[in-house]
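Source file model.csv; content: CSV, C-alpha atoms and all ligand atoms.
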chain,number,residue,atom,x,y,z
A,572,MET,CA,39.8,-0.5,143.3
A,573,SER,CA,36.8,-2.3,141.9
A,574,GLY,CA,37.2,-5.1,139.3
A,575,TYR,CA,36.0,-2.7,136.6
A,576,GLU,CA,38.4,0.0,137.7
A,577,GLN,CA,41.3,-2.5,137.7
A,578,VAL,CA,40.6,-3.5,134.1
A,579,VAL,CA,40.5,0.2,133.0
A,580,ASP,CA,43.6,1.0,135.0
A,581,THR,CA,45.5,-1.8,133.2
A,582,ILE,CA,44.1,-0.9,129.7
A,583,LEU,CA,45.4,2.6,130.2
A,584,GLY,CA,48.7,1.6,132.0
A,585,ARG,CA,50.8,2.9,129.2
A,586,TRP,CA,49.4,6.4,129.5
A,587,LYS,CA,50.7,6.5,133.0
A,588,SER,CA,54.2,5.2,132.1
A,589,GLN,CA,54.5,7.6,129.1
A,590,ILE,CA,53.4,10.6,131.3
A,591,LEU,CA,56.1,9.6,133.8
A,592,TYR,CA,58.7,9.1,131.0
A,593,ALA,CA,58.0,12.6,129.7
A,594,GLY,CA,58.3,14.1,133.2
A,595,VAL,CA,61.6,12.3,133.8
A,596,LYS,CA,63.0,13.0,130.3
A,597,LEU,CA,62.2,16.7,130.6
A,598,GLY,CA,63.8,17.0,134.0
A,599,VAL,CA,60.7,17.8,136.0
A,600,PHE,CA,61.9,15.9,139.1
A,601,GLU,CA,65.2,17.8,139.2
A,602,SER,CA,63.3,21.1,138.9
A,603,ALA,CA,60.5,20.5,141.4
A,604,ASP,CA,61.3,21.0,145.0
A,605,LYS,CA,59.9,20.3,148.5
A,606,ALA,CA,58.4,23.8,148.5
A,607,PRO,CA,55.8,24.6,145.9
A,608,LYS,CA,57.2,26.1,142.7
A,609,HIS,CA,54.9,27.8,140.1
A,610,THR,CA,54.4,26.1,136.7
A,611,SER,CA,55.9,29.1,134.9
A,612,GLU,CA,59.1,28.9,136.9
A,613,ILE,CA,59.5,25.1,136.3
A,614,ALA,CA,58.7,25.6,132.5
A,615,ARG,CA,61.2,28.6,132.3
A,616,GLU,CA,63.9,26.6,134.1
A,617,LEU,CA,63.5,23.6,131.7
A,618,GLY,CA,62.8,25.6,128.5
A,619,LEU,CA,59.3,24.2,128.1
A,620,ASP,CA,55.9,25.5,126.9
A,621,ALA,CA,54.1,26.8,130.1
A,622,SER,CA,50.6,25.9,129.1
A,623,LEU,CA,51.3,22.3,128.1
A,624,SER,CA,53.7,21.9,131.0
A,625,TYR,CA,50.9,22.7,133.4
A,626,ARG,CA,48.8,19.8,132.0
A,627,LEU,CA,51.8,17.4,132.3
A,628,LEU,CA,52.5,18.5,135.9
A,629,ARG,CA,48.9,18.2,136.8
A,630,ALA,CA,48.8,14.6,135.4
A,631,LEU,CA,52.0,13.7,137.3
A,632,ALA,CA,50.3,15.2,140.5
A,633,SER,CA,47.2,13.1,139.8
A,634,MET,CA,49.4,10.0,139.8
A,635,GLY,CA,51.1,11.0,143.1
A,636,PHE,CA,54.5,12.1,141.9
A,637,LEU,CA,53.9,15.8,142.6
A,638,ASP,CA,51.5,17.7,144.9
A,639,GLU,CA,49.5,20.5,143.2
A,640,ASN,CA,48.3,23.6,145.1
A,641,ASN,CA,45.5,26.0,144.1
A,642,ASP,CA,47.8,28.4,142.4
A,643,LYS,CA,49.4,26.1,139.8
A,644,GLY,CA,52.3,25.4,142.1
A,645,PHE,CA,53.8,22.0,142.4
A,646,SER,CA,56.0,20.3,145.0
A,647,ILE,CA,57.7,16.9,144.9
A,648,THR,CA,56.4,13.9,146.8
A,649,PRO,CA,58.4,10.9,148.2
A,650,GLN,CA,57.5,8.9,145.0
A,651,GLY,CA,58.7,11.8,142.8
A,652,ASP,CA,61.9,11.9,144.8
A,653,LEU,CA,62.7,8.4,143.6
A,654,LEU,CA,62.9,9.7,140.0
A,655,ARG,CA,65.5,12.4,140.9
A,656,LYS,CA,69.1,11.9,139.5
A,657,ASP,CA,70.6,12.3,143.0
A,658,HIS,CA,68.4,9.8,144.9
A,659,PRO,CA,70.5,6.9,146.1
A,660,GLN,CA,67.8,4.4,144.9
A,661,THR,CA,66.9,6.4,141.8
A,662,LEU,CA,64.6,4.7,139.3
A,663,ARG,CA,65.3,7.4,136.7
A,664,GLY,CA,67.4,5.1,134.5
A,665,VAL,CA,64.8,2.4,134.6
A,666,VAL,CA,62.1,4.8,133.3
A,667,LEU,CA,64.3,6.2,130.6
A,668,LEU,CA,65.1,2.7,129.3
A,669,GLU,CA,61.9,0.8,129.7
A,670,GLU,CA,59.6,3.6,128.3
A,671,GLY,CA,62.2,5.0,125.9
A,672,PRO,CA,61.8,4.7,122.1
A,673,GLU,CA,63.5,1.3,121.6
A,674,HIS,CA,61.8,-0.6,124.4
A,675,TYR,CA,58.5,1.1,123.6
A,676,ALA,CA,58.8,-0.2,120.0
A,677,ILE,CA,59.6,-3.9,120.8
A,678,TRP,CA,56.3,-4.6,122.7
A,679,LYS,CA,54.2,-4.2,119.6
A,680,HIS,CA,55.5,-7.6,118.4
A,681,LEU,CA,54.2,-9.5,121.4
A,682,SER,CA,51.0,-11.0,120.0
A,683,ALA,CA,52.8,-12.0,116.7
A,684,MET,CA,55.5,-13.7,118.7
A,685,VAL,CA,53.1,-15.6,120.8
A,686,ARG,CA,51.2,-16.6,117.7
A,687,ASP,CA,54.2,-17.9,115.7
A,688,GLY,CA,56.4,-19.1,118.6
A,689,ARG,CA,59.5,-17.0,117.8
A,690,GLN,CA,60.5,-14.6,120.5
A,691,ASP,CA,62.9,-11.5,120.4
A,692,GLY,CA,61.0,-8.4,119.4
A,693,PHE,CA,64.2,-6.5,119.3
A,694,VAL,CA,65.4,-8.4,116.3
A,695,ARG,CA,62.0,-8.0,114.6
A,696,GLU,CA,62.1,-4.3,115.2
A,697,PHE,CA,65.8,-3.4,114.7
A,698,GLY,CA,67.2,-6.4,112.7
A,699,LEU,CA,69.9,-6.9,115.3
A,700,ARG,CA,70.1,-8.6,118.7
A,701,ILE,CA,70.2,-6.2,121.6
A,702,PHE,CA,73.9,-6.7,122.5
A,703,ASP,CA,74.9,-6.2,118.8
A,704,TYR,CA,72.7,-3.1,118.5
A,705,LEU,CA,74.2,-1.5,121.7
A,706,PRO,CA,77.8,-0.7,120.4
A,707,GLN,CA,76.3,0.8,117.2
A,708,ASN,CA,73.9,3.1,119.1
A,709,PRO,CA,75.9,5.0,121.8
A,710,SER,CA,72.9,7.0,123.0
A,711,TYR,CA,70.9,3.8,123.6
A,712,ALA,CA,73.9,2.2,125.2
A,713,ASP,CA,74.3,5.1,127.6
A,714,VAL,CA,70.6,4.8,128.7
A,715,PHE,CA,70.9,1.0,128.9
A,716,ASN,CA,74.0,1.0,131.1
A,717,TYR,CA,72.6,3.8,133.3
A,718,ALA,CA,69.4,1.8,133.7
A,719,MET,CA,71.4,-1.3,134.8
A,720,SER,CA,73.0,0.8,137.6
A,721,SER,CA,69.6,2.2,138.4
A,722,TYR,CA,68.1,-1.4,138.7
A,723,SER,CA,71.2,-2.3,140.7
A,724,ALA,CA,70.5,0.4,143.3
A,725,THR,CA,67.6,-1.7,144.4
A,726,HIS,CA,68.9,-5.2,143.5
A,727,THR,CA,72.2,-4.8,145.4
A,728,LYS,CA,70.4,-4.0,148.6
A,729,LEU,CA,68.3,-7.1,148.2
A,730,VAL,CA,71.3,-9.3,147.4
A,731,LEU,CA,73.1,-8.1,150.5
A,732,GLU,CA,70.0,-8.8,152.5
A,733,ALA,CA,69.6,-12.3,151.0
A,734,LEU,CA,73.3,-13.2,151.6
A,735,LYS,CA,73.5,-11.6,155.1
A,736,GLY,CA,75.0,-14.3,157.4
A,737,TYR,CA,76.5,-16.2,154.4
A,738,ASP,CA,80.1,-17.2,155.3
A,739,PHE,CA,82.3,-15.3,152.8
A,740,THR,CA,85.5,-15.8,154.9
A,741,LYS,CA,86.7,-18.7,152.8
A,742,ILE,CA,86.2,-16.7,149.5
A,743,GLN,CA,89.2,-14.8,148.2
A,744,THR,CA,88.2,-13.9,144.7
A,745,LEU,CA,84.8,-13.1,143.3
A,746,CYS,CA,84.0,-12.6,139.6
A,747,ASP,CA,80.9,-10.8,138.4
A,748,ILE,CA,80.0,-12.1,134.9
A,749,GLY,CA,78.4,-9.3,132.9
A,750,GLY,CA,78.7,-7.2,136.0
A,751,GLY,CA,78.0,-3.8,134.2
A,752,HIS,CA,79.7,-0.9,135.9
A,753,GLY,CA,80.3,-3.1,139.0
A,754,HIS,CA,77.6,-1.8,141.4
A,755,LEU,CA,76.8,-5.2,142.9
A,756,LEU,CA,80.4,-6.4,143.0
A,757,CYS,CA,81.8,-3.2,144.6
A,758,ASN,CA,79.1,-3.3,147.3
A,759,LEU,CA,80.1,-6.9,148.1
A,760,LEU,CA,83.8,-5.9,148.2
A,761,ALA,CA,82.9,-3.1,150.6
A,762,GLU,CA,81.1,-5.5,152.9
A,763,HIS,CA,83.9,-8.2,152.8
A,764,PRO,CA,87.3,-6.6,153.0
A,765,GLN,CA,89.3,-9.8,152.2
A,766,LEU,CA,87.7,-10.1,148.7
A,767,GLN,CA,89.4,-9.2,145.4
A,768,GLY,CA,86.9,-8.8,142.5
A,769,THR,CA,86.8,-9.0,138.8
A,770,VAL,CA,84.0,-7.7,136.5
A,771,LEU,CA,83.9,-9.5,133.2
A,772,GLU,CA,82.1,-7.2,130.6
A,773,LEU,CA,81.9,-6.3,127.0
A,774,GLU,CA,84.5,-3.7,126.1
A,775,GLY,CA,82.0,-1.0,125.3
A,776,THR,CA,80.3,-1.2,128.7
A,777,ILE,CA,83.5,-0.5,130.7
A,778,LYS,CA,85.4,1.9,128.5
A,779,ASP,CA,84.3,5.1,130.3
A,780,LYS,CA,86.3,4.8,133.6
A,781,GLU,CA,84.4,7.6,135.2
A,782,LEU,CA,81.2,5.5,135.3
A,783,LEU,CA,82.8,2.5,137.0
A,784,TRP,CA,81.7,2.0,140.6
A,785,ALA,CA,85.2,0.8,141.7
A,786,GLU,CA,86.5,4.3,140.9
A,787,LYS,CA,83.5,6.1,142.5
A,788,MET,CA,83.7,3.9,145.7
A,789,GLY,CA,87.5,4.1,146.1
A,790,LEU,CA,87.8,0.3,145.5
A,791,ALA,CA,89.9,0.4,142.3
A,792,PRO,CA,92.9,-1.5,144.0
A,793,ARG,CA,90.6,-4.4,144.7
A,794,CYS,CA,88.5,-4.5,141.6
A,795,ARG,CA,89.6,-5.3,138.1
A,796,TYR,CA,87.5,-4.7,135.0
A,797,GLN,CA,88.2,-7.3,132.3
A,798,ALA,CA,86.9,-7.0,128.7
A,799,GLY,CA,85.8,-10.4,127.3
A,800,ASP,CA,83.1,-12.6,126.1
A,801,MET,CA,81.4,-15.0,128.6
A,802,PHE,CA,80.4,-17.3,125.7
A,803,ARG,CA,84.2,-17.8,125.0
A,804,GLU,CA,85.8,-18.0,128.5
A,805,VAL,CA,85.6,-16.4,131.9
A,806,PRO,CA,88.5,-15.4,134.3
A,807,ARG,CA,89.5,-17.9,137.0
A,808,SER,CA,88.0,-17.2,140.3
A,809,ASP,CA,87.0,-19.0,143.6
A,810,THR,CA,83.4,-17.8,143.3
A,811,TYR,CA,81.2,-16.2,140.6
A,812,ILE,CA,78.1,-14.1,140.7
A,813,MET,CA,75.9,-13.1,137.9
A,814,LYS,CA,72.9,-10.8,138.2
A,815,MET,CA,70.2,-10.5,135.5
A,816,ILE,CA,72.4,-12.4,133.0
A,817,LEU,CA,70.8,-15.9,132.6
A,818,HIS,CA,67.4,-14.3,132.1
A,819,ASP,CA,68.7,-12.7,128.9
A,820,TRP,CA,69.4,-16.0,127.2
A,821,SER,CA,67.8,-19.2,126.0
A,822,ASP,CA,68.5,-22.5,127.9
A,823,GLU,CA,71.2,-23.5,125.4
A,824,GLU,CA,73.0,-20.2,125.7
A,825,CYS,CA,72.8,-20.3,129.5
A,826,VAL,CA,74.4,-23.7,129.5
A,827,ARG,CA,77.3,-22.4,127.4
A,828,ILE,CA,77.9,-19.6,129.9
A,829,LEU,CA,77.6,-21.9,132.9
A,830,SER,CA,79.9,-24.5,131.3
A,831,ASN,CA,82.6,-21.8,130.9
A,832,ILE,CA,82.2,-21.0,134.6
A,833,GLN,CA,82.3,-24.7,135.5
A,834,LYS,CA,85.6,-25.1,133.5
A,835,ALA,CA,87.2,-22.0,135.2
A,836,SER,CA,86.1,-22.9,138.8
A,837,PRO,CA,88.1,-24.9,141.3
A,838,PRO,CA,86.5,-28.0,142.8
A,839,GLY,CA,84.0,-26.8,145.4
A,840,GLY,CA,83.8,-23.4,143.7
A,841,ARG,CA,80.5,-21.5,144.2
A,842,ILE,CA,78.3,-19.6,141.8
A,843,PHE,CA,75.5,-17.2,142.8
A,844,VAL,CA,72.8,-16.5,140.2
A,845,VAL,CA,70.7,-13.5,141.0
A,846,GLU,CA,67.3,-13.4,139.2
A,847,HIS,CA,63.6,-12.8,139.7
A,848,VAL,CA,62.7,-16.4,140.5
A,849,VAL,CA,59.2,-17.4,139.2
A,850,PRO,CA,57.0,-18.8,142.1
A,851,GLY,CA,54.1,-21.2,141.7
A,852,PRO,CA,50.7,-20.4,140.2
A,853,GLU,CA,49.2,-19.3,143.5
A,854,THR,CA,51.6,-16.3,143.8
A,855,PRO,CA,51.4,-13.3,141.6
A,856,HIS,CA,55.0,-12.0,141.0
A,857,PHE,CA,56.9,-9.3,139.1
A,858,ALA,CA,59.0,-12.2,137.5
A,859,LYS,CA,55.9,-13.3,135.5
A,860,LEU,CA,55.7,-9.8,133.9
A,861,PHE,CA,59.5,-9.4,133.5
A,862,ASP,CA,59.4,-12.7,131.7
A,863,ILE,CA,57.2,-11.1,128.9
A,864,HIS,CA,59.7,-8.2,128.7
A,865,MET,CA,62.4,-10.8,128.1
A,866,MET,CA,60.3,-12.4,125.4
A,867,CYS,CA,60.1,-8.9,123.7
A,868,ALA,CA,63.7,-7.9,124.2
A,869,LEU,CA,65.9,-11.1,123.8
A,870,THR,CA,66.0,-14.9,123.6
A,871,GLY,CA,65.7,-15.2,127.4
A,872,ARG,CA,63.1,-15.9,130.0
A,873,GLU,CA,62.4,-15.8,133.8
A,874,ARG,CA,62.7,-19.3,135.4
A,875,THR,CA,61.5,-21.3,138.4
A,876,GLU,CA,64.0,-22.5,141.0
A,877,LYS,CA,63.7,-26.0,139.5
A,878,GLU,CA,64.5,-24.7,136.0
A,879,TYR,CA,67.7,-22.9,137.3
A,880,ALA,CA,68.7,-26.1,139.1
A,881,GLY,CA,68.3,-27.9,135.8
A,882,LEU,CA,70.5,-25.5,133.9
A,883,LEU,CA,73.2,-25.8,136.6
A,884,GLU,CA,73.0,-29.6,136.4
A,885,LYS,CA,73.4,-29.5,132.6
A,886,ALA,CA,76.6,-27.5,133.0
A,887,GLY,CA,78.1,-29.9,135.5
A,888,LEU,CA,77.2,-27.8,138.6
A,889,ALA,CA,75.0,-28.8,141.5
A,890,PHE,CA,72.1,-26.7,142.9
A,891,VAL,CA,72.7,-25.9,146.6
A,892,ARG,CA,69.8,-23.7,147.7
A,893,THR,CA,68.1,-20.3,147.0
A,894,HIS,CA,68.7,-17.4,149.3
A,895,TYR,CA,65.9,-14.8,149.5
A,896,PRO,CA,65.5,-11.4,151.0
A,897,GLN,CA,62.3,-11.0,153.1
A,898,SER,CA,60.3,-9.6,150.1
A,899,LYS,CA,61.3,-12.6,147.9
A,900,SER,CA,61.3,-10.1,145.0
A,901,ILE,CA,64.6,-11.6,143.8
A,902,GLY,CA,66.4,-14.9,144.6
A,903,VAL,CA,70.1,-15.8,144.8
A,904,ILE,CA,70.5,-19.3,143.5
A,905,GLU,CA,73.6,-21.0,144.9
A,906,GLY,CA,75.4,-23.6,142.9
A,907,VAL,CA,78.6,-25.5,143.4
A,908,LYS,CA,81.2,-27.3,141.3
A,909,ARG,CA,81.0,-31.0,142.2
A,1001,LIG,C1,70.9,-7.2,131.8
A,1001,LIG,S1,72.5,-6.6,131.9
A,1001,LIG,C2,72.9,-6.9,133.6
A,1001,LIG,C3,74.1,-6.1,134.0
A,1001,LIG,C4,74.4,-6.3,135.5
A,1001,LIG,N1,74.8,-7.6,135.9
A,1001,LIG,C5,73.3,-5.8,136.4
A,1001,LIG,O1,72.5,-6.6,136.9
A,1001,LIG,O2,73.1,-4.5,136.5
A,1001,LIG,C6,73.5,-7.7,131.0
A,1001,LIG,C7,75.0,-7.4,130.9
A,1001,LIG,O3,75.6,-8.5,130.2
A,1001,LIG,C8,76.7,-7.9,129.5
A,1001,LIG,N2,77.0,-8.9,128.4
A,1001,LIG,C9,76.2,-9.2,127.3
A,1001,LIG,N3,76.9,-10.1,126.6
A,1001,LIG,C10,78.0,-10.3,127.2
A,1001,LIG,C11,79.1,-11.2,126.8
A,1001,LIG,N4,79.1,-12.0,125.7
A,1001,LIG,N5,80.2,-11.3,127.7
A,1001,LIG,C12,80.2,-10.5,128.8
A,1001,LIG,N6,79.2,-9.7,129.2
A,1001,LIG,C13,78.1,-9.6,128.3
A,1001,LIG,C14,76.1,-6.6,129.0
A,1001,LIG,O4,77.1,-5.7,128.6
A,1001,LIG,C15,75.3,-6.1,130.2
A,1001,LIG,O5,76.0,-5.3,131.0

Render the structure in this file as structure tokens.
Ligand SMILES: C[S@@+](CC[C@H](N)C(=O)[O-])C[C@H]1O[C@@H](n2cnc3c(N)ncnc32)[C@H](O)[C@@H]1O
Amino acid sequence: MSGYEQVVDTILGRWKSQILYAGVKLGVFESADKAPKHTSEIARELGLDASLSYRLLRALASMGFLDENNDKGFSITPQGDLLRKDHPQTLRGVVLLEEGPEHYAIWKHLSAMVRDGRQDGFVREFGLRIFDYLPQNPSYADVFNYAMSSYSATHTKLVLEALKGYDFTKIQTLCDIGGGHGHLLCNLLAEHPQLQGTVLELEGTIKDKELLWAEKMGLAPRCRYQAGDMFREVPRSDTYIMKMILHDWSDEECVRILSNIQKASPPGGRIFVVEHVVPGPETPHFAKLFDIHMMCALTGRERTEKEYAGLLEKAGLAFVRTHYPQSKSIGVIEGVKR
């Protein structure tokens, strides 16, 4: 891509993500198949207007999510496959959340926030912080929690890779703070049979038992879901893990969460913080963009390794090292109670 084309591609980036959102929301990737299917058949199956559907499918094909033949037939590509409900690494939830109406709306506050120095576009748009808005808006909560499991499909693999070779044999209990439906914790339990796990979560997130990974993976006897508030207290455990939690919160809020973990940990207890760690200026990284999303959505931010080490320190914990998968797309920061 030339420099000029790159600029235009970025200017019009939202067109692409909104086209993709419409395709996912309408069920295009569940209807399309490996063999070409005519537009009229896809439109009939999904209850859509055939003529406008053709234009949407053609745009999706132009972006590489479908293949188009000369007879208005479309088949799914490997990229399109990643948007299907039944793909093990499905990104469907991520599209529905990040391009859905709430997250679409919060970005319009970005320039005003940068001008006046007050972040959290969610409060500007909806008058409530995201975790207060969630219980009052069940359809948004469903999309949010589905997206967290959808993100986890990728993150969990990266965490397992980063911690491959780590000696888990001395750990008996592992608590996932804000662990969602338990995708990461259950995969760690599956890998390490001596572990017992607890997910600490807001009550609303864990009330529907059918969505919990412990049930789906047959791990219910080893995995407990506890409703609670990490800002008040956390369950006792040898070791803690928290994925995409600290990036939601300001430094002061992070220190409150980490201090509760410090209080509940035994001496020598470990904590693993899974985040997109911001690298130096020479390295372009997804973390630097996700950081802006955090500015729009909450009081949080993405941080460098040094900044995470500083937060651990303030809570009475010591930084040990960061474990990375080969891609370095995420990092697992290890801390210990002194
Ligand atoms: C960004 S999501 C990350 C979920 C999960 N760790 C993952 O990576 O998929 C943040 C999670 O923190 C939970 N949460 C928010 N406030 C909480 C609190 N005060 N106590 C416990 N969990 C909380 C939310 O319900 C949500 O599941």

task: Kindly work out which residues sit at most 8 Å from ligand LIG 1001 (chain A), using all atoms listed in the file, and give the list as an MDAnalysis selection string.
output: chainID A and resid 702 716 718:723 726 747:755 771:773 775:776 798:803 813:816 818:819

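Closest approach to Thr744 (chain A) among A:Ser646, A:Thr769, A:Ser682, A:Asn640: A:Thr769, based on all atoms listed in the file.
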
- prompt: Excluding same-chain residues fewer than 3 positions from region 855-865 of chain A, what lies within 12 Å of it counting all atoms listed in the file, as number ranges by chain?
  reply: A: 669-670, 674-682, 684-685, 690-693, 701, 815-821, 846-852, 868-876, 898-902

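For the pair CA of Leu883 (chain A) and CA of Ala724 (chain A), the interatomic distance is 27.2 Å.
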
field: Neighbour residues at most 8 Å from (83.2, -15.8, 143.3) (all atoms listed in the file) as number ranges by chain
entry: A: 742-747, 768, 808-812, 840-843

- request: Fewer than 5 positions away in the same chain doesn't count, so skip those; otherwise give me all residues within 10 Å of Tyr711 (chain A), counting only C-alpha atoms, as an MDAnalysis selection string.
  value: chainID A and resid 667:668 671:673 704:706 716:717

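Distance annotation: of A:Lys834, A:Arg629, A:Lys608, A:Lys877, the residue with the minimal separation from Arg892 (chain A) is A:Lys877; atom set is all atoms listed in the file.
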
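Proximity of A:Lys728, A:Arg700, A:Lys596, A:Lys643 to Gly664 (chain A), computed with all atoms listed in the file, is greatest for A:Lys596.
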
Can you tell me, as lines of an AutoDock Vina configuration file, the centre and edge lengths (Å, one decimal) of the axis-aligned box enclosing all of region 660-663 of chain A's listed atoms after padding each side by 8 Å?
center_x = 66.2
center_y = 5.9
center_z = 140.8
size_x = 19.2
size_y = 19.0
size_z = 24.2

Need a file for region 828-847 of chain A from that block: N, CA, C and O atoms, written as a PDB file, in the first residue's frame.
ATOM      1  N   ILE A 828      -7.530  -2.619  44.082  1.00  0.00           N
ATOM      2  CA  ILE A 828      -7.756  -4.040  43.752  1.00  0.00           C
ATOM      3  C   ILE A 828      -6.532  -4.867  44.170  1.00  0.00           C
ATOM      4  O   ILE A 828      -6.651  -5.907  44.832  1.00  0.00           O
ATOM      5  N   LEU A 829      -5.347  -4.378  43.787  1.00  0.00           N
ATOM      6  CA  LEU A 829      -4.109  -5.139  44.076  1.00  0.00           C
ATOM      7  C   LEU A 829      -3.869  -5.234  45.580  1.00  0.00           C
ATOM      8  O   LEU A 829      -3.376  -6.255  46.074  1.00  0.00           O
ATOM      9  N   SER A 830      -4.243  -4.191  46.331  1.00  0.00           N
ATOM     10  CA  SER A 830      -4.057  -4.228  47.786  1.00  0.00           C
ATOM     11  C   SER A 830      -4.956  -5.296  48.400  1.00  0.00           C
ATOM     12  O   SER A 830      -4.560  -5.971  49.356  1.00  0.00           O
ATOM     13  N   ASN A 831      -6.168  -5.459  47.864  1.00  0.00           N
ATOM     14  CA  ASN A 831      -7.044  -6.523  48.378  1.00  0.00           C
ATOM     15  C   ASN A 831      -6.454  -7.898  48.092  1.00  0.00           C
ATOM     16  O   ASN A 831      -6.567  -8.814  48.902  1.00  0.00           O
ATOM     17  N   ILE A 832      -5.811  -8.043  46.932  1.00  0.00           N
ATOM     18  CA  ILE A 832      -5.155  -9.317  46.609  1.00  0.00           C
ATOM     19  C   ILE A 832      -3.966  -9.517  47.566  1.00  0.00           C
ATOM     20  O   ILE A 832      -3.764 -10.618  48.093  1.00  0.00           O
ATOM     21  N   GLN A 833      -3.215  -8.458  47.784  1.00  0.00           N
ATOM     22  CA  GLN A 833      -2.051  -8.552  48.687  1.00  0.00           C
ATOM     23  C   GLN A 833      -2.513  -9.012  50.069  1.00  0.00           C
ATOM     24  O   GLN A 833      -1.893  -9.889  50.673  1.00  0.00           O
ATOM     25  N   LYS A 834      -3.631  -8.431  50.563  1.00  0.00           N
ATOM     26  CA  LYS A 834      -4.121  -8.788  51.910  1.00  0.00           C
ATOM     27  C   LYS A 834      -4.526 -10.246  51.976  1.00  0.00           C
ATOM     28  O   LYS A 834      -4.302 -10.929  52.970  1.00  0.00           O
ATOM     29  N   ALA A 835      -5.150 -10.756  50.896  1.00  0.00           N
ATOM     30  CA  ALA A 835      -5.684 -12.129  50.928  1.00  0.00           C
ATOM     31  C   ALA A 835      -4.626 -13.185  50.588  1.00  0.00           C
ATOM     32  O   ALA A 835      -4.854 -14.375  50.784  1.00  0.00           O
ATOM     33  N   SER A 836      -3.445 -12.747  50.081  1.00  0.00           N
ATOM     34  CA  SER A 836      -2.410 -13.711  49.644  1.00  0.00           C
ATOM     35  C   SER A 836      -1.594 -14.218  50.816  1.00  0.00           C
ATOM     36  O   SER A 836      -1.315 -13.466  51.749  1.00  0.00           O
ATOM     37  N   PRO A 837      -1.108 -15.466  50.741  1.00  0.00           N
ATOM     38  CA  PRO A 837      -0.139 -15.930  51.739  1.00  0.00           C
ATOM     39  C   PRO A 837       1.235 -15.338  51.403  1.00  0.00           C
ATOM     40  O   PRO A 837       1.447 -14.905  50.262  1.00  0.00           O
ATOM     41  N   PRO A 838       2.181 -15.339  52.347  1.00  0.00           N
ATOM     42  CA  PRO A 838       3.535 -14.860  52.006  1.00  0.00           C
ATOM     43  C   PRO A 838       4.084 -15.686  50.844  1.00  0.00           C
ATOM     44  O   PRO A 838       3.890 -16.902  50.800  1.00  0.00           O
ATOM     45  N   GLY A 839       4.676 -15.029  49.878  1.00  0.00           N
ATOM     46  CA  GLY A 839       5.203 -15.741  48.697  1.00  0.00           C
ATOM     47  C   GLY A 839       4.133 -16.017  47.643  1.00  0.00           C
ATOM     48  O   GLY A 839       4.443 -16.591  46.591  1.00  0.00           O
ATOM     49  N   GLY A 840       2.874 -15.602  47.926  1.00  0.00           N
ATOM     50  CA  GLY A 840       1.779 -15.827  46.962  1.00  0.00           C
ATOM     51  C   GLY A 840       2.035 -15.072  45.659  1.00  0.00           C
ATOM     52  O   GLY A 840       2.598 -13.986  45.664  1.00  0.00           O
ATOM     53  N   ARG A 841       1.597 -15.672  44.555  1.00  0.00           N
ATOM     54  CA  ARG A 841       1.880 -15.088  43.228  1.00  0.00           C
ATOM     55  C   ARG A 841       0.641 -14.430  42.642  1.00  0.00           C
ATOM     56  O   ARG A 841      -0.488 -14.828  42.938  1.00  0.00           O
ATOM     57  N   ILE A 842       0.886 -13.474  41.761  1.00  0.00           N
ATOM     58  CA  ILE A 842      -0.208 -12.882  40.978  1.00  0.00           C
ATOM     59  C   ILE A 842       0.244 -12.763  39.534  1.00  0.00           C
ATOM     60  O   ILE A 842       1.390 -12.409  39.267  1.00  0.00           O
ATOM     61  N   PHE A 843      -0.662 -13.112  38.617  1.00  0.00           N
ATOM     62  CA  PHE A 843      -0.379 -12.967  37.187  1.00  0.00           C
ATOM     63  C   PHE A 843      -1.357 -11.939  36.612  1.00  0.00           C
ATOM     64  O   PHE A 843      -2.574 -12.119  36.721  1.00  0.00           O
ATOM     65  N   VAL A 844      -0.808 -10.902  36.014  1.00  0.00           N
ATOM     66  CA  VAL A 844      -1.628  -9.836  35.419  1.00  0.00           C
ATOM     67  C   VAL A 844      -1.487  -9.945  33.902  1.00  0.00           C
ATOM     68  O   VAL A 844      -0.390  -9.767  33.362  1.00  0.00           O
ATOM     69  N   VAL A 845      -2.589 -10.264  33.237  1.00  0.00           N
ATOM     70  CA  VAL A 845      -2.539 -10.456  31.780  1.00  0.00           C
ATOM     71  C   VAL A 845      -3.069  -9.198  31.096  1.00  0.00           C
ATOM     72  O   VAL A 845      -4.225  -8.808  31.318  1.00  0.00           O
ATOM     73  N   GLU A 846      -2.226  -8.558  30.318  1.00  0.00           N
ATOM     74  CA  GLU A 846      -2.621  -7.315  29.649  1.00  0.00           C
ATOM     75  C   GLU A 846      -1.866  -7.154  28.331  1.00  0.00           C
ATOM     76  O   GLU A 846      -0.893  -7.860  28.087  1.00  0.00           O
ATOM     77  N   HIS A 847      -2.298  -6.191  27.525  1.00  0.00           N
ATOM     78  CA  HIS A 847      -1.514  -5.791  26.356  1.00  0.00           C
ATOM     79  C   HIS A 847      -0.460  -4.810  26.860  1.00  0.00           C
ATOM     80  O   HIS A 847      -0.799  -3.654  27.168  1.00  0.00           O
TER      81      HIS A 847
END
